[in-house]
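A short write-up of the structure that comes next.
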Amino acid sequence: MNILFVCTGNTCRSPMAQALFASIADEKGLRVTVKSAGVYASDSGKASPQAIEALFEKSIPLNHSSAKLTEDLIQEADYVLTMTAQHKQLILAQYAFAAEKVFTLKEYATGKAGDVSDPFGGSLPVYQETRDELETLLYQLAEKLKKEKASS
């Protein structure tokens with residue numbers, strides 16, 4: 001299964017989600033490929049230092065180069081999980097063919113609308129809050145995917 005996490009610049013939320021979910025999937029025995037991209041990302045940018053530090057505290061390395069969202073990435077993904085409803089709308093406006101696999105992370109993991117807060121430009125505690133929010137959602141995602149796999 002291929003999962004693509006999407007945010008704005010691919011330097012904070014989506015790379016943190018990618019690294020966290022790869023770790024959680026490994027812990028839960030899920031076989032997934034996890035990637036991330038940004039709707040306005042430049043290629044080969046670095047993850048923010050605070051994102052790296054917030055994950056380092058959980059013993060999760062974040063060696064990341066940003067990537068711009070492309071049609072190929074969308075086509076490869078089984079699920080495209082965005083950090084906000086705005087990201088979802090931008091993707092659907094440009095890649096309507098993907099409508100059945102594009103969700104916000106919150107709506108897919110919890111069944112409820114909502115955005116993941118953007119820590120960009122914030123202090124380490126702000127990034128830690130976003131990391132913890134992502135971690136909670138990603139554990140819910142892992143459970144949902146395990147149930148789907150078991151019922152298929």
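Each chain of the structure tokens is named A, B, ... in the order shown, its residues numbered from 1; ligands are numbered from 1 in display order.
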Checklist entry - Out of chain A, which residues get alpha helix (DSSP H) from DSSP, as number ranges by chain? => result A: 13-28, 49-56, 71-76, 85-94, 105-110, 124-151
Using only C-alpha atoms, which residues sit within 7 Å of Lys101 of chain A once same-chain residues fewer than 5 positions away are excluded, as an mmCIF file with all heavy atoms, in the first residue's frame?
```
data_model
loop_
_atom_site.group_PDB
_atom_site.id
_atom_site.type_symbol
_atom_site.label_atom_id
_atom_site.label_comp_id
_atom_site.auth_asym_id
_atom_site.auth_seq_id
_atom_site.Cartn_x
_atom_site.Cartn_y
_atom_site.Cartn_z
ATOM 1 N N ASP A 78 -2.105 4.963 -3.054
ATOM 2 C CA ASP A 78 -3.419 4.381 -2.788
ATOM 3 C C ASP A 78 -4.272 5.372 -2.009
ATOM 4 O O ASP A 78 -5.486 5.420 -2.165
ATOM 5 C CB ASP A 78 -3.270 3.084 -1.988
ATOM 6 C CG ASP A 78 -2.576 2.008 -2.802
ATOM 7 O OD1 ASP A 78 -3.068 1.692 -3.900
ATOM 8 O OD2 ASP A 78 -1.541 1.494 -2.341
ATOM 9 N N TYR A 79 -3.605 6.148 -1.128
ATOM 10 C CA TYR A 79 -4.271 7.203 -0.369
ATOM 11 C C TYR A 79 -3.401 8.447 -0.390
ATOM 12 O O TYR A 79 -2.189 8.358 -0.193
ATOM 13 C CB TYR A 79 -4.493 6.792 1.094
ATOM 14 C CG TYR A 79 -5.478 5.669 1.266
ATOM 15 C CD1 TYR A 79 -5.053 4.393 1.593
ATOM 16 C CD2 TYR A 79 -6.843 5.892 1.093
ATOM 17 C CE1 TYR A 79 -5.957 3.351 1.743
ATOM 18 C CE2 TYR A 79 -7.752 4.851 1.247
ATOM 19 C CZ TYR A 79 -7.305 3.598 1.568
ATOM 20 O OH TYR A 79 -8.201 2.573 1.715
ATOM 21 N N VAL A 80 -4.044 9.593 -0.621
ATOM 22 C CA VAL A 80 -3.384 10.896 -0.540
ATOM 23 C C VAL A 80 -4.017 11.599 0.662
ATOM 24 O O VAL A 80 -5.205 11.918 0.640
ATOM 25 C CB VAL A 80 -3.590 11.720 -1.827
ATOM 26 C CG1 VAL A 80 -2.936 13.088 -1.701
ATOM 27 C CG2 VAL A 80 -3.057 10.958 -3.043
#
```
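Closest approach to Asn63 of chain A from the set A:Phe97, A:Ser152, A:Met16, A:Val39 is made by A:Met16, with distances taken over only C-alpha atoms.
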Would you mind listing what lies within 8 Å of segment 130-138 of chain A as an mmCIF file with all heavy atoms, in the first residue's frame, with only C-alpha atoms counted and same-chain residues fewer than 2 positions away left out?
```
data_model
loop_
_atom_site.group_PDB
_atom_site.id
_atom_site.type_symbol
_atom_site.label_atom_id
_atom_site.label_comp_id
_atom_site.auth_asym_id
_atom_site.auth_seq_id
_atom_site.Cartn_x
_atom_site.Cartn_y
_atom_site.Cartn_z
ATOM 1 N N ARG A 13 4.941 19.538 8.322
ATOM 2 C CA ARG A 13 3.923 18.542 8.656
ATOM 3 C C ARG A 13 4.040 17.253 7.861
ATOM 4 O O ARG A 13 4.042 16.163 8.442
ATOM 5 C CB ARG A 13 2.519 19.136 8.473
ATOM 6 C CG ARG A 13 2.179 20.178 9.513
ATOM 7 C CD ARG A 13 0.896 20.876 9.189
ATOM 8 N NE ARG A 13 1.083 21.750 8.025
ATOM 9 C CZ ARG A 13 0.145 22.526 7.516
ATOM 10 N NH1 ARG A 13 -1.063 22.536 8.048
ATOM 11 N NH2 ARG A 13 0.400 23.299 6.488
ATOM 12 N N MET A 16 7.105 15.164 8.697
ATOM 13 C CA MET A 16 6.954 14.584 10.036
ATOM 14 C C MET A 16 5.966 13.426 9.981
ATOM 15 O O MET A 16 6.204 12.369 10.588
ATOM 16 C CB MET A 16 6.509 15.650 11.046
ATOM 17 C CG MET A 16 7.619 16.635 11.357
ATOM 18 S SD MET A 16 7.395 17.853 12.699
ATOM 19 C CE MET A 16 5.763 17.794 13.233
ATOM 20 N N ALA A 17 4.862 13.598 9.266
ATOM 21 C CA ALA A 17 3.877 12.522 9.132
ATOM 22 C C ALA A 17 4.499 11.309 8.437
ATOM 23 O O ALA A 17 4.276 10.170 8.850
ATOM 24 C CB ALA A 17 2.655 13.017 8.352
ATOM 25 N N LEU A 20 6.976 9.652 10.972
ATOM 26 C CA LEU A 20 6.219 9.058 12.073
ATOM 27 C C LEU A 20 5.448 7.832 11.616
ATOM 28 O O LEU A 20 5.455 6.798 12.287
ATOM 29 C CB LEU A 20 5.244 10.086 12.657
ATOM 30 C CG LEU A 20 5.797 11.094 13.655
ATOM 31 C CD1 LEU A 20 4.803 12.239 13.848
ATOM 32 C CD2 LEU A 20 6.091 10.428 14.989
ATOM 33 N N PHE A 21 4.777 7.952 10.456
ATOM 34 C CA PHE A 21 3.949 6.826 10.025
ATOM 35 C C PHE A 21 4.801 5.639 9.596
ATOM 36 O O PHE A 21 4.404 4.492 9.816
ATOM 37 C CB PHE A 21 2.957 7.216 8.928
ATOM 38 C CG PHE A 21 1.899 6.166 8.744
ATOM 39 C CD1 PHE A 21 0.990 5.899 9.752
ATOM 40 C CD2 PHE A 21 1.836 5.416 7.587
ATOM 41 C CE1 PHE A 21 0.032 4.901 9.618
ATOM 42 C CE2 PHE A 21 0.878 4.418 7.435
ATOM 43 C CZ PHE A 21 -0.023 4.164 8.451
ATOM 44 N N ILE A 24 5.471 3.978 12.858
ATOM 45 C CA ILE A 24 4.264 3.356 13.406
ATOM 46 C C ILE A 24 3.878 2.118 12.598
ATOM 47 O O ILE A 24 3.525 1.083 13.156
ATOM 48 C CB ILE A 24 3.107 4.378 13.452
ATOM 49 C CG1 ILE A 24 3.402 5.447 14.515
ATOM 50 C CG2 ILE A 24 1.768 3.699 13.706
ATOM 51 C CD1 ILE A 24 2.508 6.676 14.438
ATOM 52 N N ALA A 54 12.017 17.753 16.858
ATOM 53 C CA ALA A 54 10.802 17.175 17.460
ATOM 54 C C ALA A 54 10.745 15.671 17.232
ATOM 55 O O ALA A 54 10.306 14.919 18.108
ATOM 56 C CB ALA A 54 9.558 17.864 16.897
ATOM 57 N N LEU A 55 11.193 15.204 16.069
ATOM 58 C CA LEU A 55 11.201 13.765 15.808
ATOM 59 C C LEU A 55 12.386 13.073 16.465
ATOM 60 O O LEU A 55 12.273 11.929 16.913
ATOM 61 C CB LEU A 55 11.184 13.489 14.310
ATOM 62 C CG LEU A 55 9.876 13.820 13.605
ATOM 63 C CD1 LEU A 55 9.939 13.424 12.143
ATOM 64 C CD2 LEU A 55 8.689 13.153 14.274
ATOM 65 N N LEU A 105 -6.067 14.105 6.471
ATOM 66 C CA LEU A 105 -5.635 13.074 7.416
ATOM 67 C C LEU A 105 -6.665 12.903 8.520
ATOM 68 O O LEU A 105 -7.028 11.778 8.870
ATOM 69 C CB LEU A 105 -4.264 13.438 8.004
ATOM 70 C CG LEU A 105 -3.742 12.535 9.119
ATOM 71 C CD1 LEU A 105 -3.645 11.083 8.670
ATOM 72 C CD2 LEU A 105 -2.400 13.050 9.617
ATOM 73 N N LYS A 106 -7.177 14.027 9.031
ATOM 74 C CA LYS A 106 -8.154 13.937 10.125
ATOM 75 C C LYS A 106 -9.430 13.248 9.686
ATOM 76 O O LYS A 106 -9.967 12.411 10.406
ATOM 77 C CB LYS A 106 -8.485 15.332 10.676
ATOM 78 C CG LYS A 106 -7.581 15.720 11.807
ATOM 79 C CD LYS A 106 -8.079 16.913 12.581
ATOM 80 C CE LYS A 106 -7.055 17.241 13.652
ATOM 81 N NZ LYS A 106 -7.190 18.553 14.215
ATOM 82 N N ALA A 109 -8.645 9.432 9.193
ATOM 83 C CA ALA A 109 -8.291 8.711 10.419
ATOM 84 C C ALA A 109 -9.422 8.701 11.444
ATOM 85 O O ALA A 109 -9.606 7.715 12.154
ATOM 86 C CB ALA A 109 -7.034 9.307 11.039
ATOM 87 N N THR A 110 -10.196 9.800 11.512
ATOM 88 C CA THR A 110 -11.186 9.936 12.590
ATOM 89 C C THR A 110 -12.629 10.010 12.110
ATOM 90 O O THR A 110 -13.544 9.895 12.920
ATOM 91 C CB THR A 110 -10.928 11.204 13.426
ATOM 92 O OG1 THR A 110 -11.247 12.364 12.639
ATOM 93 C CG2 THR A 110 -9.497 11.285 13.915
ATOM 94 N N VAL A 116 -4.679 19.773 10.462
ATOM 95 C CA VAL A 116 -3.521 19.625 11.337
ATOM 96 C C VAL A 116 -2.856 20.997 11.406
ATOM 97 O O VAL A 116 -2.577 21.611 10.376
ATOM 98 C CB VAL A 116 -2.536 18.566 10.799
ATOM 99 C CG1 VAL A 116 -1.255 18.544 11.625
ATOM 100 C CG2 VAL A 116 -3.192 17.196 10.764
ATOM 101 N N SER A 117 -2.601 21.479 12.609
ATOM 102 C CA SER A 117 -2.051 22.823 12.773
ATOM 103 C C SER A 117 -0.666 22.937 12.125
ATOM 104 O O SER A 117 0.121 21.988 12.131
ATOM 105 C CB SER A 117 -1.979 23.193 14.248
ATOM 106 O OG SER A 117 -1.137 22.296 14.933
ATOM 107 N N ASP A 118 -0.399 24.113 11.560
ATOM 108 C CA ASP A 118 0.853 24.373 10.853
ATOM 109 C C ASP A 118 1.855 25.004 11.809
ATOM 110 O O ASP A 118 1.643 26.120 12.277
ATOM 111 C CB ASP A 118 0.597 25.306 9.672
ATOM 112 C CG ASP A 118 1.812 25.458 8.764
ATOM 113 O OD1 ASP A 118 2.892 24.905 9.079
ATOM 114 O OD2 ASP A 118 1.674 26.145 7.740
ATOM 115 N N PRO A 119 2.968 24.321 12.089
ATOM 116 C CA PRO A 119 3.952 24.878 13.021
ATOM 117 C C PRO A 119 4.949 25.820 12.362
ATOM 118 O O PRO A 119 5.799 26.391 13.050
ATOM 119 C CB PRO A 119 4.663 23.625 13.529
ATOM 120 C CG PRO A 119 4.672 22.730 12.336
ATOM 121 C CD PRO A 119 3.334 22.975 11.671
ATOM 122 N N VAL A 126 5.932 24.431 19.665
ATOM 123 C CA VAL A 126 4.853 24.428 18.667
ATOM 124 C C VAL A 126 4.989 23.198 17.767
ATOM 125 O O VAL A 126 4.008 22.521 17.461
ATOM 126 C CB VAL A 126 4.871 25.738 17.838
ATOM 127 C CG1 VAL A 126 3.893 25.670 16.671
ATOM 128 C CG2 VAL A 126 4.562 26.938 18.734
ATOM 129 N N TYR A 127 6.211 22.888 17.362
ATOM 130 C CA TYR A 127 6.457 21.693 16.551
ATOM 131 C C TYR A 127 6.150 20.422 17.341
ATOM 132 O O TYR A 127 5.637 19.457 16.786
ATOM 133 C CB TYR A 127 7.906 21.667 16.040
ATOM 134 C CG TYR A 127 8.102 22.497 14.805
ATOM 135 C CD1 TYR A 127 8.207 23.875 14.876
ATOM 136 C CD2 TYR A 127 8.161 21.910 13.544
ATOM 137 C CE1 TYR A 127 8.380 24.640 13.738
ATOM 138 C CE2 TYR A 127 8.336 22.657 12.397
ATOM 139 C CZ TYR A 127 8.443 24.029 12.496
ATOM 140 O OH TYR A 127 8.602 24.774 11.367
ATOM 141 N N GLN A 128 6.464 20.424 18.619
ATOM 142 C CA GLN A 128 6.168 19.254 19.451
ATOM 143 C C GLN A 128 4.664 19.027 19.537
ATOM 144 O O GLN A 128 4.208 17.880 19.499
ATOM 145 C CB GLN A 128 6.765 19.440 20.850
ATOM 146 C CG GLN A 128 8.281 19.379 20.852
ATOM 147 C CD GLN A 128 8.892 19.941 22.125
ATOM 148 O OE1 GLN A 128 8.334 20.848 22.749
ATOM 149 N NE2 GLN A 128 10.062 19.420 22.507
ATOM 150 N N GLN A 140 -4.267 6.215 14.821
ATOM 151 C CA GLN A 140 -5.646 5.933 14.406
ATOM 152 C C GLN A 140 -5.668 5.444 12.957
ATOM 153 O O GLN A 140 -6.404 4.518 12.616
ATOM 154 C CB GLN A 140 -6.517 7.182 14.567
ATOM 155 C CG GLN A 140 -6.755 7.548 16.017
ATOM 156 C CD GLN A 140 -7.458 8.883 16.168
ATOM 157 O OE1 GLN A 140 -6.972 9.913 15.718
ATOM 158 N NE2 GLN A 140 -8.616 8.859 16.814
ATOM 159 N N LEU A 141 -4.859 6.065 12.110
ATOM 160 C CA LEU A 141 -4.758 5.647 10.711
ATOM 161 C C LEU A 141 -4.268 4.207 10.620
ATOM 162 O O LEU A 141 -4.833 3.399 9.866
ATOM 163 C CB LEU A 141 -3.809 6.589 9.947
ATOM 164 C CG LEU A 141 -3.461 6.178 8.521
ATOM 165 C CD1 LEU A 141 -4.688 6.168 7.623
ATOM 166 C CD2 LEU A 141 -2.381 7.111 7.956
ATOM 167 N N ALA A 142 -3.244 3.871 11.386
ATOM 168 C CA ALA A 142 -2.701 2.505 11.349
ATOM 169 C C ALA A 142 -3.762 1.485 11.736
ATOM 170 O O ALA A 142 -3.895 0.436 11.091
ATOM 171 C CB ALA A 142 -1.487 2.400 12.271
#
```
Next on the checklist: Ranking A:Ala85, A:Ala99, A:Leu30, A:Ile91 by minimum distance to Gly114 of chain A and counting only C-alpha atoms, which one comes first?
Outcome noted: A:Ala85
Item to check | Nearby residues (only C-alpha atoms) at most 7 Å from segment 45-53 of chain A, same-chain spacing under 2 positions excluded, as a PyMOL selection string | outcome: chain A and resi 11-12+16+42-43+55-57+62+64-66+124+127
Checklist entry - Which of segment 5-152 of chain A counts as strand (DSSP E) under DSSP, as an MDAnalysis selection string please? => result chainID A and resid 5:7 33:38 79:82 102:104
Can I get the selected residues back with N, CA, C and O atoms, as a compact mmCIF listing (two decimals), in the first residue's frame?
```
# COMPACT_ATOMS: atom_id res chain seq x y z
N PHE A 5 1.54 11.73 2.02
CA PHE A 5 1.13 12.83 2.89
C PHE A 5 1.47 14.15 2.20
O PHE A 5 2.56 14.29 1.64
N VAL A 6 0.53 15.10 2.26
CA VAL A 6 0.71 16.37 1.55
C VAL A 6 0.45 17.55 2.47
O VAL A 6 -0.54 17.57 3.20
N CYS A 7 1.36 18.53 2.42
CA CYS A 7 1.16 19.80 3.11
C CYS A 7 1.53 20.92 2.14
O CYS A 7 1.46 20.73 0.92
N THR A 33 4.39 1.80 1.81
CA THR A 33 5.39 2.73 1.32
C THR A 33 4.84 4.11 1.62
O THR A 33 3.67 4.40 1.33
N VAL A 34 5.65 4.95 2.23
CA VAL A 34 5.19 6.26 2.67
C VAL A 34 6.05 7.33 2.01
O VAL A 34 7.28 7.27 2.05
N LYS A 35 5.37 8.31 1.41
CA LYS A 35 6.05 9.45 0.79
C LYS A 35 5.36 10.72 1.24
O LYS A 35 4.26 10.68 1.80
N SER A 36 6.00 11.86 0.96
CA SER A 36 5.38 13.14 1.24
C SER A 36 5.75 14.14 0.15
O SER A 36 6.74 13.97 -0.55
N ALA A 37 4.89 15.16 0.03
CA ALA A 37 5.11 16.21 -0.96
C ALA A 37 4.38 17.46 -0.51
O ALA A 37 3.57 17.42 0.43
N GLY A 38 4.65 18.57 -1.19
CA GLY A 38 3.99 19.82 -0.86
C GLY A 38 3.35 20.44 -2.09
O GLY A 38 3.91 20.37 -3.19
N TYR A 79 -3.61 6.15 -1.13
CA TYR A 79 -4.27 7.20 -0.37
C TYR A 79 -3.40 8.45 -0.39
O TYR A 79 -2.19 8.36 -0.19
N VAL A 80 -4.04 9.59 -0.62
CA VAL A 80 -3.38 10.90 -0.54
C VAL A 80 -4.02 11.60 0.66
O VAL A 80 -5.20 11.92 0.64
N LEU A 81 -3.22 11.79 1.70
CA LEU A 81 -3.74 12.34 2.95
C LEU A 81 -3.14 13.73 3.17
O LEU A 81 -1.92 13.86 3.34
N THR A 82 -4.01 14.73 3.17
CA THR A 82 -3.56 16.12 3.27
C THR A 82 -3.65 16.61 4.70
O THR A 82 -4.39 16.07 5.52
N VAL A 102 -8.34 10.93 -2.13
CA VAL A 102 -7.81 12.13 -1.47
C VAL A 102 -8.69 12.49 -0.28
O VAL A 102 -9.90 12.68 -0.44
N PHE A 103 -8.07 12.57 0.89
CA PHE A 103 -8.76 12.89 2.13
C PHE A 103 -7.86 13.79 2.96
O PHE A 103 -6.64 13.74 2.81
N THR A 104 -8.45 14.55 3.88
CA THR A 104 -7.58 15.13 4.90
C THR A 104 -7.21 13.99 5.84
O THR A 104 -7.96 13.02 5.98
```
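The nearest approach to Glu143 of chain A among the residues A:Gly122, A:Ala41, A:Ala25, A:Gly9, with only C-alpha atoms taken into account, belongs to A:Ala25.
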Checklist entry - What is the distance between atom CA of Ser151 of chain A and atom CA of Leu4 of chain A, in Å to one decimal? => result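 Separating atom CA of Ser151 of chain A from atom CA of Leu4 of chain A is a distance of 22.5 Å.
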Checklist outcome for this item: Across A:Pro125, A:Lys58, A:Ala67, A:Ala96, the smallest distance to Ser14 of chain A, with only C-alpha atoms counted, is shown by A:Ala67
Checklist entry - Of the residues A:Thr84, A:Gln94, A:Asn2, A:Ser23, which is the one nearest to Glu107 of chain A, using only C-alpha atoms? => result A:Thr84
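Going from atom CA of Lys88 of chain A over to atom CA of Ile3 of chain A, you cover 14.6 Å.
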Checklist outcome for this item: Among A:Thr8, A:Val32, A:Lys112, A:Tyr40, Ala77 of chain A is approached most closely, using only C-alpha atoms, by A:Val32
